[in-house]
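Q: Okay, here's the structure, questions in a sec.
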Amino acid sequence: MLEIYLELEIDKYSGRDDMSEFKKARKIYRSAHASIEKAKSHLSDLSNFEKVALTLSRSTAEIFTRIDQSLADLKAVISAREQRISNNKTRGGRDARADKIAELVAKVLIEKKRPITFGISAHDANEPSTDFGRGVKKAFEILNVTEGGNIEKAKIWRYPAKRAFEKYKKC
């Protein structure tokens, strides 16, 4: 199962709620980066005498190096956030991570030579009637795939399961 998990690269995907947080964080990191760039620009306007004085003082000797390192660190964090956001582009409110987890369940069943079938209980429209659907629902519970970040409210299993079923039903 680990091979399938790695093959689907599930770690690269986040839920919609997480994506909102990543986008907010990216904005803050960009703002911090711009502020440090501005500080660096202002410090470069200092006279040569003052720059030498800064580098000779114990407390400020590495100020220019630290600023450059902070800029590089923030650039790396921004790049990582942008990559995560790029990996999780969705249409129509889909949750990329939920879709990948449903695919994981489908691939596990394929590996076990079990059929991929899809159905909804006639008694409760929110309950699956097949092993595949029950597996997706249980995987969401185990992996904390939630709706709106609410741990008590597991993500609706039906739509990701249906997409995975359509993708793998002939396997």
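Residues are referred to by chain and number: the chain letter is A, B, ... according to the order shown in the structure tokens, the number counts from 1 in that chain, and ligands are numbered separately from 1 in the order shown.
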Can you check which residues of chain A DSSP gives as strand (DSSP E or B) on the backbone and send them as a PyMOL selection string?
A: chain A and resi 120+128+146-147+150-154
Q: Quick one: residues within 9 Å of Asn88 (chain A), only C-alpha atoms, excluding same-chain residues fewer than 5 positions away - as a list in words?
A: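 Everything that qualifies: Lys12, Tyr13, Ser14, Gly15, Arg16, Met19, Gln83, Asp95, Ala96 and Arg97 of chain A.
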Q: Identify, on the basis of only C-alpha atoms, every residue whose closest approach to region 124-129 of chain A does not exceed 8 Å; exclude the query and any residue fewer than 6 positions from it along the same chain; express the result as a PyMOL selection string.
A: chain A and resi 118+137+156+158
Q: Can I get the selected residues back with C-alpha atoms, as a PDB file, in the first residue's frame?
A:
ATOM      1  CA  PHE A 118     -20.158   2.293  -6.742  1.00  0.00           C
ATOM      2  CA  LYS A 137     -15.599   6.774   3.606  1.00  0.00           C
ATOM      3  CA  ILE A 156     -18.681  13.717   1.769  1.00  0.00           C
ATOM      4  CA  ARG A 158     -19.630  10.255  -2.626  1.00  0.00           C
TER       5      ARG A 158
END
Q: For Tyr29 (chain A), list every protein, DNA or RNA residue within 7 Å, evaluated using only C-alpha atoms, and leave out those in the same chain fewer than 3 positions away; present the list as a VMD selection string.
A: chain A and resid 25 to 26 32 to 33 74 78
Q: Go ahead and dump the residues you just picked, N, CA and C atoms, as a short mmCIF file (atom, residue, chain, number, x, y, z; two decimals), in the first residue's frame.
A:
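Writing done, so here's part_19.cif:
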data_model
loop_
_atom_site.label_atom_id
_atom_site.label_comp_id
_atom_site.auth_asym_id
_atom_site.auth_seq_id
_atom_site.Cartn_x
_atom_site.Cartn_y
_atom_site.Cartn_z
N ALA A 25 -1.02 32.50 4.04
CA ALA A 25 0.38 32.49 4.47
C ALA A 25 1.28 33.02 3.35
N ARG A 26 1.02 32.60 2.11
CA ARG A 26 1.83 33.06 0.99
C ARG A 26 1.80 34.58 0.90
N ALA A 32 6.30 40.12 3.92
CA ALA A 32 7.52 40.14 4.74
C ALA A 32 8.75 40.25 3.84
N HIS A 33 8.76 39.50 2.75
CA HIS A 33 9.89 39.55 1.81
C HIS A 33 10.06 40.96 1.26
N LEU A 74 12.94 33.26 3.02
CA LEU A 74 11.55 33.60 2.68
C LEU A 74 11.23 33.23 1.23
N ILE A 78 8.18 30.84 0.17
CA ILE A 78 7.19 31.30 -0.81
C ILE A 78 7.11 30.32 -1.97
#
Q: Hey, what's within 12 Å of region 165-169 of chain A if we count only C-alpha atoms and toss same-chain stuff fewer than 5 positions away? As an MDAnalysis selection string, please?
A: chainID A and resid 99:100 102:111 114:119 130:133 136 157:160
Q: Just write the chosen residues, C-alpha atoms, as a short mmCIF file (atom, residue, chain, number, x, y, z; two decimals), in the first residue's frame.
A:
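Once written, selection-v8.cif looks like this:
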data_model
loop_
_atom_site.label_atom_id
_atom_site.label_comp_id
_atom_site.auth_asym_id
_atom_site.auth_seq_id
_atom_site.Cartn_x
_atom_site.Cartn_y
_atom_site.Cartn_z
CA ASP A 99 -9.83 12.63 -4.88
CA LYS A 100 -6.33 11.16 -4.45
CA ALA A 102 -10.38 7.78 -3.19
CA GLU A 103 -7.95 6.73 -5.94
CA LEU A 104 -5.75 5.11 -3.30
CA VAL A 105 -8.68 2.98 -2.11
CA ALA A 106 -9.49 2.01 -5.70
CA LYS A 107 -5.89 0.98 -6.39
CA VAL A 108 -5.71 -1.07 -3.19
CA LEU A 109 -8.85 -2.95 -4.21
CA ILE A 110 -7.41 -3.50 -7.70
CA GLU A 111 -4.21 -4.88 -6.13
CA ARG A 114 -11.51 -6.89 -5.71
CA PRO A 115 -14.14 -5.18 -7.87
CA ILE A 116 -14.48 -1.40 -7.97
CA THR A 117 -18.21 -0.77 -7.71
CA PHE A 118 -20.16 2.29 -6.74
CA GLY A 119 -23.53 2.58 -5.08
CA THR A 130 -20.38 -1.10 -1.78
CA ASP A 131 -17.04 -2.12 -0.30
CA PHE A 132 -15.30 0.52 -2.40
CA GLY A 133 -17.58 3.31 -1.15
CA VAL A 136 -13.38 5.59 0.76
CA TRP A 157 -17.27 10.50 0.32
CA ARG A 158 -19.63 10.26 -2.63
CA TYR A 159 -18.13 12.65 -5.19
CA PRO A 160 -14.47 11.67 -4.84
#
Q: Which of these, A:Lys75, A:Arg84, A:His42, A:Lys23, has the shortest distance to Ile10 (chain A) once you count only C-alpha atoms?
A: A:Arg84
Q: Name the closest residue to Leu143 (chain A) among the candidates A:Lys112, A:Ile28, A:Ala98, A:Glu82; distances are taken between atoms, counting only C-alpha atoms.
A: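 Ranking A:Lys112, A:Ile28, A:Ala98, A:Glu82 by distance to Leu143 (chain A), first place goes to A:Ala98.
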Q: Would you give me, as number ranges by chain, the residues in region 81-159 of chain A that DSSP reads as helix (DSSP H, G or I)?
A: A: 81-87, 96-111, 131-142, 158-159
Q: Could you save the residues just selected, with C-alpha atoms, as a compact mmCIF listing (two decimals), in the first residue's frame?
A:
# COMPACT_ATOMS: atom_id res chain seq x y z
CA ARG A 81 3.78 27.46 -0.84
CA GLU A 82 3.36 28.34 -4.52
CA GLN A 83 4.25 24.77 -5.51
CA ARG A 84 1.70 23.37 -3.05
CA ILE A 85 -0.97 25.76 -4.33
CA SER A 86 -0.11 24.88 -7.93
CA ASN A 87 -0.40 21.13 -7.20
CA ALA A 96 -7.67 17.28 -4.71
CA ARG A 97 -6.54 15.39 -1.61
CA ALA A 98 -9.94 13.68 -1.22
CA ASP A 99 -9.83 12.63 -4.88
CA LYS A 100 -6.33 11.16 -4.45
CA ILE A 101 -7.37 9.23 -1.34
CA ALA A 102 -10.38 7.78 -3.19
CA GLU A 103 -7.95 6.73 -5.94
CA LEU A 104 -5.75 5.11 -3.30
CA VAL A 105 -8.68 2.98 -2.11
CA ALA A 106 -9.49 2.01 -5.70
CA LYS A 107 -5.89 0.98 -6.39
CA VAL A 108 -5.71 -1.07 -3.19
CA LEU A 109 -8.85 -2.95 -4.21
CA ILE A 110 -7.41 -3.50 -7.70
CA GLU A 111 -4.21 -4.88 -6.13
CA ASP A 131 -17.04 -2.12 -0.30
CA PHE A 132 -15.30 0.52 -2.40
CA GLY A 133 -17.58 3.31 -1.15
CA ARG A 134 -17.28 2.12 2.45
CA GLY A 135 -13.50 1.99 2.01
CA VAL A 136 -13.38 5.59 0.76
CA LYS A 137 -15.60 6.77 3.61
CA LYS A 138 -13.47 4.94 6.19
CA ALA A 139 -10.23 6.26 4.65
CA PHE A 140 -11.59 9.81 4.97
CA GLU A 141 -12.31 9.18 8.65
CA ILE A 142 -8.86 7.67 9.30
CA ARG A 158 -19.63 10.26 -2.63
CA TYR A 159 -18.13 12.65 -5.19
Q: Env of Ile63 (chain A): 12 Å cut, atoms = only C-alpha atoms, seq-sep filter 6 positions within chain, self excluded. Answer as a ChimeraX atom specification.
A: /A:36,39-40,43-44,51-57,69-70
Q: Pick from A:Val145, A:Ser79, A:Ser121, A:Ala72: nearest to Glu37 (chain A), with only C-alpha atoms counted?
A: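 Checking each candidate against Glu37 (chain A), we get A:Ala72 as the closest.
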